[in-house]
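Novice: Have a peek at protein-v7.txt (compact mmCIF, C-alpha atoms).
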```
# COMPACT_ATOMS: atom_id res chain seq x y z
CA MET A 654 0.00 0.00 0.00
CA ILE A 655 1.35 3.43 -0.96
CA ASP A 656 0.84 5.96 1.83
CA ASP A 657 2.05 8.94 -0.20
CA PRO A 658 1.63 8.24 -3.92
CA VAL A 659 3.01 11.61 -5.02
CA HIS A 660 6.34 11.31 -3.23
CA GLU A 661 6.60 7.60 -3.96
CA ALA A 662 6.20 8.28 -7.69
CA VAL A 663 8.73 11.13 -7.58
CA HIS A 664 11.24 9.05 -5.66
CA LEU A 665 11.05 6.18 -8.16
CA ALA A 666 11.19 8.49 -11.18
CA LEU A 667 14.25 10.35 -9.91
CA ALA A 668 15.92 7.03 -9.09
CA GLU A 669 15.70 6.14 -12.79
CA ASP A 670 17.75 9.24 -13.64
CA LEU A 671 20.13 9.03 -10.68
CA ARG A 672 21.14 5.39 -10.86
CA GLU A 673 24.52 6.14 -9.28
CA SER A 674 23.22 9.13 -7.30
CA THR A 675 24.80 11.59 -9.67
CA ASP A 676 23.91 13.89 -12.57
CA LEU A 677 27.24 13.87 -14.39
CA THR A 678 26.54 16.80 -16.71
CA THR A 679 25.05 19.16 -14.15
CA GLU A 680 27.65 18.43 -11.49
CA ALA A 681 30.50 19.04 -13.95
CA ILE A 682 29.12 22.35 -15.20
CA VAL A 683 27.14 23.94 -12.37
CA PRO A 684 28.85 24.93 -9.07
CA ALA A 685 27.38 23.29 -5.99
CA ASP A 686 26.44 26.64 -4.46
CA ALA A 687 24.84 28.10 -7.61
CA ARG A 688 21.28 29.30 -7.20
CA GLY A 689 18.68 30.51 -9.63
CA SER A 690 15.09 30.31 -10.75
CA ALA A 691 13.10 28.68 -13.49
CA ARG A 692 9.65 29.03 -15.04
CA VAL A 693 7.51 26.14 -16.25
CA VAL A 694 5.76 27.35 -19.39
CA ALA A 695 2.87 25.84 -21.35
CA LYS A 696 3.59 25.39 -25.05
CA GLN A 697 0.07 24.45 -26.14
CA GLU A 698 -3.54 24.70 -25.00
CA ALA A 699 -4.36 22.20 -22.28
CA ILE A 700 -6.15 21.39 -19.06
CA LEU A 701 -3.53 21.46 -16.34
CA ALA A 702 -2.89 18.53 -13.99
CA GLY A 703 0.03 17.32 -11.91
CA THR A 704 1.06 20.54 -10.17
CA GLU A 705 1.54 18.77 -6.83
CA VAL A 706 3.89 16.18 -8.27
CA LEU A 707 5.68 18.86 -10.31
CA ALA A 708 6.49 20.74 -7.11
CA ALA A 709 7.44 17.54 -5.28
CA ALA A 710 9.99 16.63 -7.97
CA PHE A 711 11.96 19.82 -7.37
CA MET A 712 11.60 19.74 -3.60
CA GLU A 713 12.81 16.13 -3.46
CA LEU A 714 16.28 17.42 -4.40
CA ASP A 715 16.13 20.75 -2.56
CA HIS A 716 13.84 20.77 0.47
CA ASP A 717 14.16 24.56 0.64
CA MET A 718 13.08 25.07 -2.97
CA ALA A 719 10.55 27.89 -3.25
CA ILE A 720 7.62 26.95 -5.48
CA GLU A 721 5.06 29.45 -6.73
CA LEU A 722 2.15 27.96 -8.66
CA SER A 723 0.45 30.35 -11.08
CA ALA A 724 -2.30 27.89 -12.04
CA LYS A 725 -4.05 24.95 -10.41
CA ASP A 726 -5.14 21.53 -11.58
CA GLY A 727 -8.22 21.82 -13.77
CA ASP A 728 -7.31 25.26 -15.13
CA ALA A 729 -7.22 25.84 -18.88
CA VAL A 730 -3.79 27.05 -19.99
CA ARG A 731 -2.61 28.57 -23.25
CA PRO A 732 0.77 28.74 -25.01
CA GLY A 733 3.10 31.05 -23.10
CA ASP A 734 1.29 30.73 -19.77
CA VAL A 735 3.62 30.33 -16.81
CA ILE A 736 2.21 27.61 -14.58
CA ALA A 737 4.94 27.57 -11.93
CA THR A 738 8.10 29.36 -10.86
CA VAL A 739 10.77 27.60 -8.79
CA ARG A 740 13.73 29.11 -6.98
CA GLY A 741 16.60 27.36 -5.25
CA SER A 742 19.64 25.21 -5.98
CA MET A 743 20.46 25.39 -9.69
CA ARG A 744 21.76 21.83 -9.59
CA ALA A 745 18.48 20.61 -8.13
CA ILE A 746 16.44 22.52 -10.70
CA LEU A 747 18.37 21.06 -13.64
CA THR A 748 18.48 17.52 -12.26
CA ALA A 749 14.76 17.43 -11.49
CA GLU A 750 13.74 19.16 -14.73
CA ARG A 751 12.89 16.13 -16.84
CA THR A 752 11.14 14.24 -14.05
CA ALA A 753 8.99 17.27 -13.19
CA LEU A 754 8.08 17.91 -16.83
CA ASN A 755 7.39 14.23 -17.53
CA PHE A 756 4.75 14.18 -14.83
CA VAL A 757 3.01 17.44 -15.68
CA GLN A 758 3.07 16.69 -19.41
CA ARG A 759 1.53 13.24 -19.10
CA LEU A 760 -0.98 14.13 -16.40
CA SER A 761 -2.09 17.27 -18.24
CA GLY A 762 -2.56 15.07 -21.29
CA VAL A 763 -4.94 12.89 -19.29
CA ALA A 764 -6.86 15.92 -18.00
CA THR A 765 -7.05 17.48 -21.46
CA LEU A 766 -8.35 14.37 -23.19
CA THR A 767 -10.80 13.76 -20.35
CA ARG A 768 -12.19 17.27 -20.75
CA ARG A 769 -12.79 16.63 -24.46
CA PHE A 770 -14.75 13.47 -23.68
CA VAL A 771 -16.70 15.19 -20.91
CA GLU A 772 -17.74 17.98 -23.26
CA ALA A 773 -18.69 15.50 -26.00
CA ALA A 774 -20.79 13.44 -23.55
CA GLY A 775 -23.12 16.37 -22.94
CA GLY A 776 -23.63 15.91 -19.21
CA VAL A 777 -23.43 12.11 -18.90
CA GLU A 778 -20.75 11.07 -16.42
CA VAL A 779 -17.43 10.05 -17.99
CA ARG A 780 -15.49 7.49 -15.95
CA ASP A 781 -11.94 6.22 -16.10
CA THR A 782 -10.88 2.56 -15.86
CA ARG A 783 -7.98 0.60 -14.37
CA LYS A 784 -6.14 0.88 -17.70
CA THR A 785 -3.52 3.12 -16.14
CA VAL A 786 0.27 3.35 -16.21
CA PRO A 787 1.51 0.96 -13.51
CA GLY A 788 2.65 2.81 -10.40
CA ILE A 789 0.94 6.14 -11.05
CA ARG A 790 -2.75 5.17 -11.02
CA VAL A 791 -3.56 7.57 -8.19
CA LEU A 792 -1.95 10.44 -10.09
CA GLN A 793 -3.72 9.61 -13.35
CA LYS A 794 -7.07 9.30 -11.64
CA ALA A 795 -6.53 12.70 -10.01
CA ALA A 796 -5.85 14.05 -13.50
CA VAL A 797 -9.14 12.56 -14.70
CA ARG A 798 -10.94 14.49 -11.96
CA ALA A 799 -9.07 17.65 -12.98
CA GLY A 800 -10.48 17.17 -16.47
CA GLY A 801 -14.03 16.86 -15.14
CA GLY A 802 -14.27 13.07 -15.25
CA ALA A 803 -15.12 10.62 -12.49
CA ASN A 804 -13.14 7.75 -11.02
CA HIS A 805 -14.27 4.16 -11.27
CA ARG A 806 -12.63 1.64 -8.93
CA MET A 807 -9.22 2.64 -7.62
CA SER A 808 -8.38 -1.00 -6.95
CA LEU A 809 -9.85 -4.48 -7.04
CA SER A 810 -10.80 -4.10 -3.37
CA ASP A 811 -13.26 -1.24 -3.85
CA ALA A 812 -16.34 -2.99 -5.22
CA TYR A 813 -17.47 -6.02 -7.16
CA LEU A 814 -17.10 -5.85 -10.92
CA ILE A 815 -18.07 -9.24 -12.28
CA LYS A 816 -16.65 -9.53 -15.80
CA ASP A 817 -16.94 -12.07 -18.58
CA ASN A 818 -14.18 -14.32 -17.27
CA HIS A 819 -15.69 -14.33 -13.78
CA ILE A 820 -19.01 -15.36 -15.32
CA ALA A 821 -17.28 -18.08 -17.32
CA ALA A 822 -15.56 -19.36 -14.17
CA ALA A 823 -18.83 -19.37 -12.20
CA GLY A 824 -20.91 -20.86 -14.99
CA SER A 825 -23.53 -18.11 -15.25
CA VAL A 826 -24.35 -14.51 -14.38
CA THR A 827 -26.77 -15.65 -11.70
CA GLU A 828 -24.25 -17.94 -10.03
CA ALA A 829 -21.50 -15.31 -10.09
CA ILE A 830 -23.77 -12.70 -8.46
CA GLY A 831 -24.94 -15.22 -5.87
CA ARG A 832 -21.37 -16.08 -4.86
CA ALA A 833 -20.40 -12.41 -4.64
CA ARG A 834 -23.40 -11.56 -2.45
CA ALA A 835 -22.75 -14.52 -0.18
CA ALA A 836 -19.14 -13.40 0.36
CA LYS A 837 -19.92 -9.72 1.09
CA PRO A 838 -23.66 -9.06 1.23
CA THR A 839 -23.49 -5.26 1.51
CA LEU A 840 -20.98 -4.55 -1.27
CA TRP A 841 -21.98 -2.85 -4.53
CA ILE A 842 -22.25 -5.35 -7.39
CA GLU A 843 -21.63 -4.34 -10.98
CA VAL A 844 -21.88 -6.97 -13.72
CA GLU A 845 -20.51 -6.87 -17.25
CA CYS A 846 -23.22 -7.73 -19.77
CA GLU A 847 -22.62 -8.42 -23.45
CA THR A 848 -26.17 -9.43 -24.38
CA LEU A 849 -29.71 -8.49 -23.43
CA ASP A 850 -30.18 -11.96 -21.95
CA GLN A 851 -27.32 -11.25 -19.57
CA VAL A 852 -28.91 -7.90 -18.74
CA ARG A 853 -32.15 -9.67 -17.79
CA ASP A 854 -30.28 -12.27 -15.73
CA ALA A 855 -28.23 -9.64 -13.90
CA ILE A 856 -31.29 -7.56 -13.07
CA GLU A 857 -33.22 -10.60 -11.84
CA ALA A 858 -30.27 -11.64 -9.66
CA GLY A 859 -30.16 -8.21 -8.04
CA ALA A 860 -27.13 -6.50 -9.61
CA HIS A 861 -26.85 -2.86 -8.63
CA GLU A 862 -25.17 -1.76 -11.85
CA LEU A 863 -24.69 -3.12 -15.37
CA LEU A 864 -21.53 -2.63 -17.42
CA LEU A 865 -22.90 -2.70 -20.96
CA ASP A 866 -19.92 -3.89 -22.93
CA ASN A 867 -19.41 -3.20 -26.64
CA MET A 868 -23.12 -2.92 -27.40
CA ASP A 869 -24.31 -1.01 -30.44
CA VAL A 870 -26.49 2.03 -29.87
CA ALA A 871 -29.78 0.23 -30.52
CA THR A 872 -28.92 -2.55 -28.06
CA LEU A 873 -27.78 0.00 -25.50
CA ARG A 874 -31.19 1.68 -25.67
CA ASP A 875 -32.92 -1.66 -25.11
CA ALA A 876 -30.62 -2.44 -22.17
CA VAL A 877 -31.28 0.95 -20.59
CA ASP A 878 -35.04 0.39 -20.96
CA LEU A 879 -34.76 -3.00 -19.25
CA ALA A 880 -32.67 -1.58 -16.38
CA ARG A 881 -34.65 1.62 -15.79
CA GLY A 882 -35.61 1.87 -12.12
CA LYS A 883 -33.86 -1.43 -11.34
CA ALA A 884 -30.12 -0.92 -11.90
CA LYS A 885 -27.62 1.73 -12.94
CA THR A 886 -26.10 1.44 -16.40
CA GLU A 887 -22.57 2.09 -17.65
CA ALA A 888 -21.57 1.88 -21.30
CA SER A 889 -18.08 0.66 -22.09
CA GLY A 890 -15.92 -0.58 -24.92
CA ASN A 891 -14.12 1.27 -27.71
CA VAL A 892 -15.71 4.62 -26.88
CA THR A 893 -14.33 7.44 -29.02
CA LEU A 894 -14.89 11.17 -29.29
CA GLU A 895 -16.89 10.48 -32.42
CA THR A 896 -19.22 7.91 -30.81
CA ILE A 897 -19.66 9.12 -27.24
CA GLY A 898 -22.44 11.58 -28.07
CA ALA A 899 -24.67 8.87 -29.54
CA ILE A 900 -23.84 6.56 -26.64
CA ALA A 901 -24.76 9.27 -24.13
CA ALA A 902 -28.09 9.82 -25.91
CA THR A 903 -29.19 6.25 -25.13
CA GLY A 904 -29.83 7.26 -21.52
CA VAL A 905 -26.97 5.41 -19.82
CA ASP A 906 -25.95 6.73 -16.42
CA SER A 907 -22.24 6.75 -17.18
CA ILE A 908 -19.67 5.95 -19.85
CA SER A 909 -16.23 4.51 -19.13
CA VAL A 910 -13.34 5.44 -21.42
CA GLY A 911 -10.03 3.57 -21.15
CA SER A 912 -8.21 5.82 -23.60
CA ILE A 913 -8.23 8.84 -21.29
CA THR A 914 -5.53 7.17 -19.20
CA HIS A 915 -3.85 4.66 -21.50
CA SER A 916 -3.67 6.72 -24.70
CA ALA A 917 -3.70 10.41 -23.77
CA PRO A 918 -1.00 12.33 -25.68
CA ALA A 919 1.45 14.32 -23.55
CA ILE A 920 1.14 18.09 -23.46
CA ASP A 921 4.21 20.20 -24.25
CA PHE A 922 5.70 22.23 -21.39
CA SER A 923 9.18 23.72 -21.13
CA LEU A 924 11.47 24.88 -18.35
CA GLU A 925 13.16 28.27 -18.76
CA VAL A 926 16.10 28.73 -16.39
CA GLU A 927 17.59 32.00 -15.11
CA PRO A 928 20.76 31.63 -13.01
CA ASP A 929 21.51 34.24 -10.35
CA ALA A 930 24.19 36.73 -11.31
CA SER A 931 27.56 35.65 -9.95
```
Starting from the file, lay out its structure as structure tokens.

Specialist:
Amino acid sequence: MIDDPVHEAVHLALAEDLRESTDLTTEAIVPADARGSARVVAKQEAILAGTEVLAAAFMELDHDMAIELSAKDGDAVRPGDVIATVRGSMRAILTAERTALNFVQRLSGVATLTRRFVEAAGGVEVRDTRKTVPGIRVLQKAAVRAGGGANHRMSLSDAYLIKDNHIAAAGSVTEAIGRARAAKPTLWIEVECETLDQVRDAIEAGAHELLLDNMDVATLRDAVDLARGKAKTEASGNVTLETIGAIAATGVDSISVGSITHSAPAIDFSLEVEPDAS
């Protein structure tokens, strides 16, 4: 269990760069006592995310680093906007530069793509999935929230999600739900359904929510009609910006989109350094 996911992620990322605890280039060129400042600048339009981990990356190498954030997670930024200014050890600034930018670029990419899906969904909740980069799930899910999306399960321990392979292992939807309820009677039960027959079986067995997987729009409408007043509905499977509007119009309660975490393009940010006069 990670008690502090931000600092754990920063520590591991910096360890990749400092395999022998040294930054050869910076230590050869920059005096140990050199100080200065740097600005983190947006190079394209985006929804910002990852400011906490950005700051932590610099402070990991200089605990006295002064960090001034000019924007917060969820803010829209434009090219040329300064999102943060840091001041402290010049060695620490240069050594942490790539780690800090890697985080804010990738997490802002998640927030930006999430915002596009949220806007295209027209008010229907957009959820993430567990299709995240290993080790930084908590950070990516925070970025989803910054983009206006909602988090599904953080881990396998949060709620039941009975999927096709669980159903195959149990023998039927009804049997799988029965076993889950017997193990933990009060826990929320969501069941993946690929057909309307499975929808009927899941509703009859008392599922709280239906994950409607890879259904076409017409079938989704039928599934929503069957579930109305009996179970929540979530559409999933190959959702794109081009299709999410039609999916939302079927009346589903939510739509899960794996691409917002596993395929979001990084946003371009740069670091502009200004050493103190010697």

Novice: Give me, as a list in words, all polymer residues having an atom no more than 9 Å from stretch 865-874 of chain A, counting only C-alpha atoms and skipping those fewer than 4 positions away in the same chain.

Specialist: Val844, Glu845, Cys846, Glu847, Thr848, Leu849, Val852, Asp878, Leu879, Thr886, Glu887, Ala888, Ser889, Gly890, Asn891, Val892, Ala899, Ile900, Ala902, Thr903, Gly904 and Val905 of chain A

Novice: Determine, counting all atoms listed in the file, which protein, DNA and RNA residues have an atom within 12 Å of an atom of A:Val763; residues of the same chain fewer than 3 positions away are not included. Present the result as a PyMOL selection string.

Specialist: chain A and resi 699-703+726-727+756-760+766-770+781+785-786+790+792-802+910-920

Novice: By how many Å are atom CA of A:Gly824 and atom CA of A:Glu843 apart?

Specialist: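 Spanning atom CA of A:Gly824 to atom CA of A:Glu843 is a straight-line distance of 17.0 Å.
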
Novice: Give me, as an mmCIF file with C-alpha atoms, in the coordinates of the input, all polymer residues having an atom no more than 8 Å from A:Ile856, counting all atoms listed in the file and skipping those fewer than 6 positions away in the same chain.

Specialist:
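part_18.cif, written as the output of this step:
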```
data_model
loop_
_atom_site.group_PDB
_atom_site.id
_atom_site.type_symbol
_atom_site.label_atom_id
_atom_site.label_comp_id
_atom_site.auth_asym_id
_atom_site.auth_seq_id
_atom_site.Cartn_x
_atom_site.Cartn_y
_atom_site.Cartn_z
ATOM 1 C CA ALA A 880 -32.670 -1.580 -16.380
ATOM 2 C CA LYS A 883 -33.860 -1.430 -11.340
ATOM 3 C CA ALA A 884 -30.120 -0.920 -11.900
#
```

Novice: So, counting only C-alpha atoms, which residue among A:Gln851, A:Thr679, A:Thr738, A:Thr704 is closest to A:Val826?

Specialist: A:Gln851

Novice: From the coordinates supplied, stretch 726-840 of chain A should be written with C-alpha atoms, as a JSON list (two decimals), in the first residue's frame.

Specialist:
```json
[["chain", "number", "residue", "atom", "x", "y", "z"],
["A", 726, "ASP", "CA", -5.14, 21.53, -11.58],
["A", 727, "GLY", "CA", -8.22, 21.82, -13.77],
["A", 728, "ASP", "CA", -7.31, 25.26, -15.13],
["A", 729, "ALA", "CA", -7.22, 25.84, -18.88],
["A", 730, "VAL", "CA", -3.79, 27.05, -19.99],
["A", 731, "ARG", "CA", -2.61, 28.57, -23.25],
["A", 732, "PRO", "CA", 0.77, 28.74, -25.01],
["A", 733, "GLY", "CA", 3.10, 31.05, -23.10],
["A", 734, "ASP", "CA", 1.29, 30.73, -19.77],
["A", 735, "VAL", "CA", 3.62, 30.33, -16.81],
["A", 736, "ILE", "CA", 2.21, 27.61, -14.58],
["A", 737, "ALA", "CA", 4.94, 27.57, -11.93],
["A", 738, "THR", "CA", 8.10, 29.36, -10.86],
["A", 739, "VAL", "CA", 10.77, 27.60, -8.79],
["A", 740, "ARG", "CA", 13.73, 29.11, -6.98],
["A", 741, "GLY", "CA", 16.60, 27.36, -5.25],
["A", 742, "SER", "CA", 19.64, 25.21, -5.98],
["A", 743, "MET", "CA", 20.46, 25.39, -9.69],
["A", 744, "ARG", "CA", 21.76, 21.83, -9.59],
["A", 745, "ALA", "CA", 18.48, 20.61, -8.13],
["A", 746, "ILE", "CA", 16.44, 22.52, -10.70],
["A", 747, "LEU", "CA", 18.37, 21.06, -13.64],
["A", 748, "THR", "CA", 18.48, 17.52, -12.26],
["A", 749, "ALA", "CA", 14.76, 17.43, -11.49],
["A", 750, "GLU", "CA", 13.74, 19.16, -14.73],
["A", 751, "ARG", "CA", 12.89, 16.13, -16.84],
["A", 752, "THR", "CA", 11.14, 14.24, -14.05],
["A", 753, "ALA", "CA", 8.99, 17.27, -13.19],
["A", 754, "LEU", "CA", 8.08, 17.91, -16.83],
["A", 755, "ASN", "CA", 7.39, 14.23, -17.53],
["A", 756, "PHE", "CA", 4.75, 14.18, -14.83],
["A", 757, "VAL", "CA", 3.01, 17.44, -15.68],
["A", 758, "GLN", "CA", 3.07, 16.69, -19.41],
["A", 759, "ARG", "CA", 1.53, 13.24, -19.10],
["A", 760, "LEU", "CA", -0.98, 14.13, -16.40],
["A", 761, "SER", "CA", -2.09, 17.27, -18.24],
["A", 762, "GLY", "CA", -2.56, 15.07, -21.29],
["A", 763, "VAL", "CA", -4.94, 12.89, -19.29],
["A", 764, "ALA", "CA", -6.86, 15.92, -18.00],
["A", 765, "THR", "CA", -7.05, 17.48, -21.46],
["A", 766, "LEU", "CA", -8.35, 14.37, -23.19],
["A", 767, "THR", "CA", -10.80, 13.76, -20.35],
["A", 768, "ARG", "CA", -12.19, 17.27, -20.75],
["A", 769, "ARG", "CA", -12.79, 16.63, -24.46],
["A", 770, "PHE", "CA", -14.75, 13.47, -23.68],
["A", 771, "VAL", "CA", -16.70, 15.19, -20.91],
["A", 772, "GLU", "CA", -17.74, 17.98, -23.26],
["A", 773, "ALA", "CA", -18.69, 15.50, -26.00],
["A", 774, "ALA", "CA", -20.79, 13.44, -23.55],
["A", 775, "GLY", "CA", -23.12, 16.37, -22.94],
["A", 776, "GLY", "CA", -23.63, 15.91, -19.21],
["A", 777, "VAL", "CA", -23.43, 12.11, -18.90],
["A", 778, "GLU", "CA", -20.75, 11.07, -16.42],
["A", 779, "VAL", "CA", -17.43, 10.05, -17.99],
["A", 780, "ARG", "CA", -15.49, 7.49, -15.95],
["A", 781, "ASP", "CA", -11.94, 6.22, -16.10],
["A", 782, "THR", "CA", -10.88, 2.56, -15.86],
["A", 783, "ARG", "CA", -7.98, 0.60, -14.37],
["A", 784, "LYS", "CA", -6.14, 0.88, -17.70],
["A", 785, "THR", "CA", -3.52, 3.12, -16.14],
["A", 786, "VAL", "CA", 0.27, 3.35, -16.21],
["A", 787, "PRO", "CA", 1.51, 0.96, -13.51],
["A", 788, "GLY", "CA", 2.65, 2.81, -10.40],
["A", 789, "ILE", "CA", 0.94, 6.14, -11.05],
["A", 790, "ARG", "CA", -2.75, 5.17, -11.02],
["A", 791, "VAL", "CA", -3.56, 7.57, -8.19],
["A", 792, "LEU", "CA", -1.95, 10.44, -10.09],
["A", 793, "GLN", "CA", -3.72, 9.61, -13.35],
["A", 794, "LYS", "CA", -7.07, 9.30, -11.64],
["A", 795, "ALA", "CA", -6.53, 12.70, -10.01],
["A", 796, "ALA", "CA", -5.85, 14.05, -13.50],
["A", 797, "VAL", "CA", -9.14, 12.56, -14.70],
["A", 798, "ARG", "CA", -10.94, 14.49, -11.96],
["A", 799, "ALA", "CA", -9.07, 17.65, -12.98],
["A", 800, "GLY", "CA", -10.48, 17.17, -16.47],
["A", 801, "GLY", "CA", -14.03, 16.86, -15.14],
["A", 802, "GLY", "CA", -14.27, 13.07, -15.25],
["A", 803, "ALA", "CA", -15.12, 10.62, -12.49],
["A", 804, "ASN", "CA", -13.14, 7.75, -11.02],
["A", 805, "HIS", "CA", -14.27, 4.16, -11.27],
["A", 806, "ARG", "CA", -12.63, 1.64, -8.93],
["A", 807, "MET", "CA", -9.22, 2.64, -7.62],
["A", 808, "SER", "CA", -8.38, -1.00, -6.95],
["A", 809, "LEU", "CA", -9.85, -4.48, -7.04],
["A", 810, "SER", "CA", -10.80, -4.10, -3.37],
["A", 811, "ASP", "CA", -13.26, -1.24, -3.85],
["A", 812, "ALA", "CA", -16.34, -2.99, -5.22],
["A", 813, "TYR", "CA", -17.47, -6.02, -7.16],
["A", 814, "LEU", "CA", -17.10, -5.85, -10.92],
["A", 815, "ILE", "CA", -18.07, -9.24, -12.28],
["A", 816, "LYS", "CA", -16.65, -9.53, -15.80],
["A", 817, "ASP", "CA", -16.94, -12.07, -18.58],
["A", 818, "ASN", "CA", -14.18, -14.32, -17.27],
["A", 819, "HIS", "CA", -15.69, -14.33, -13.78],
["A", 820, "ILE", "CA", -19.01, -15.36, -15.32],
["A", 821, "ALA", "CA", -17.28, -18.08, -17.32],
["A", 822, "ALA", "CA", -15.56, -19.36, -14.17],
["A", 823, "ALA", "CA", -18.83, -19.37, -12.20],
["A", 824, "GLY", "CA", -20.91, -20.86, -14.99],
["A", 825, "SER", "CA", -23.53, -18.11, -15.25],
["A", 826, "VAL", "CA", -24.35, -14.51, -14.38],
["A", 827, "THR", "CA", -26.77, -15.65, -11.70],
["A", 828, "GLU", "CA", -24.25, -17.94, -10.03],
["A", 829, "ALA", "CA", -21.50, -15.31, -10.09],
["A", 830, "ILE", "CA", -23.77, -12.70, -8.46],
["A", 831, "GLY", "CA", -24.94, -15.22, -5.87],
["A", 832, "ARG", "CA", -21.37, -16.08, -4.86],
["A", 833, "ALA", "CA", -20.40, -12.41, -4.64],
["A", 834, "ARG", "CA", -23.40, -11.56, -2.45],
["A", 835, "ALA", "CA", -22.75, -14.52, -0.18],
["A", 836, "ALA", "CA", -19.14, -13.40, 0.36],
["A", 837, "LYS", "CA", -19.92, -9.72, 1.09],
["A", 838, "PRO", "CA", -23.66, -9.06, 1.23],
["A", 839, "THR", "CA", -23.49, -5.26, 1.51],
["A", 840, "LEU", "CA", -20.98, -4.55, -1.27]]
```
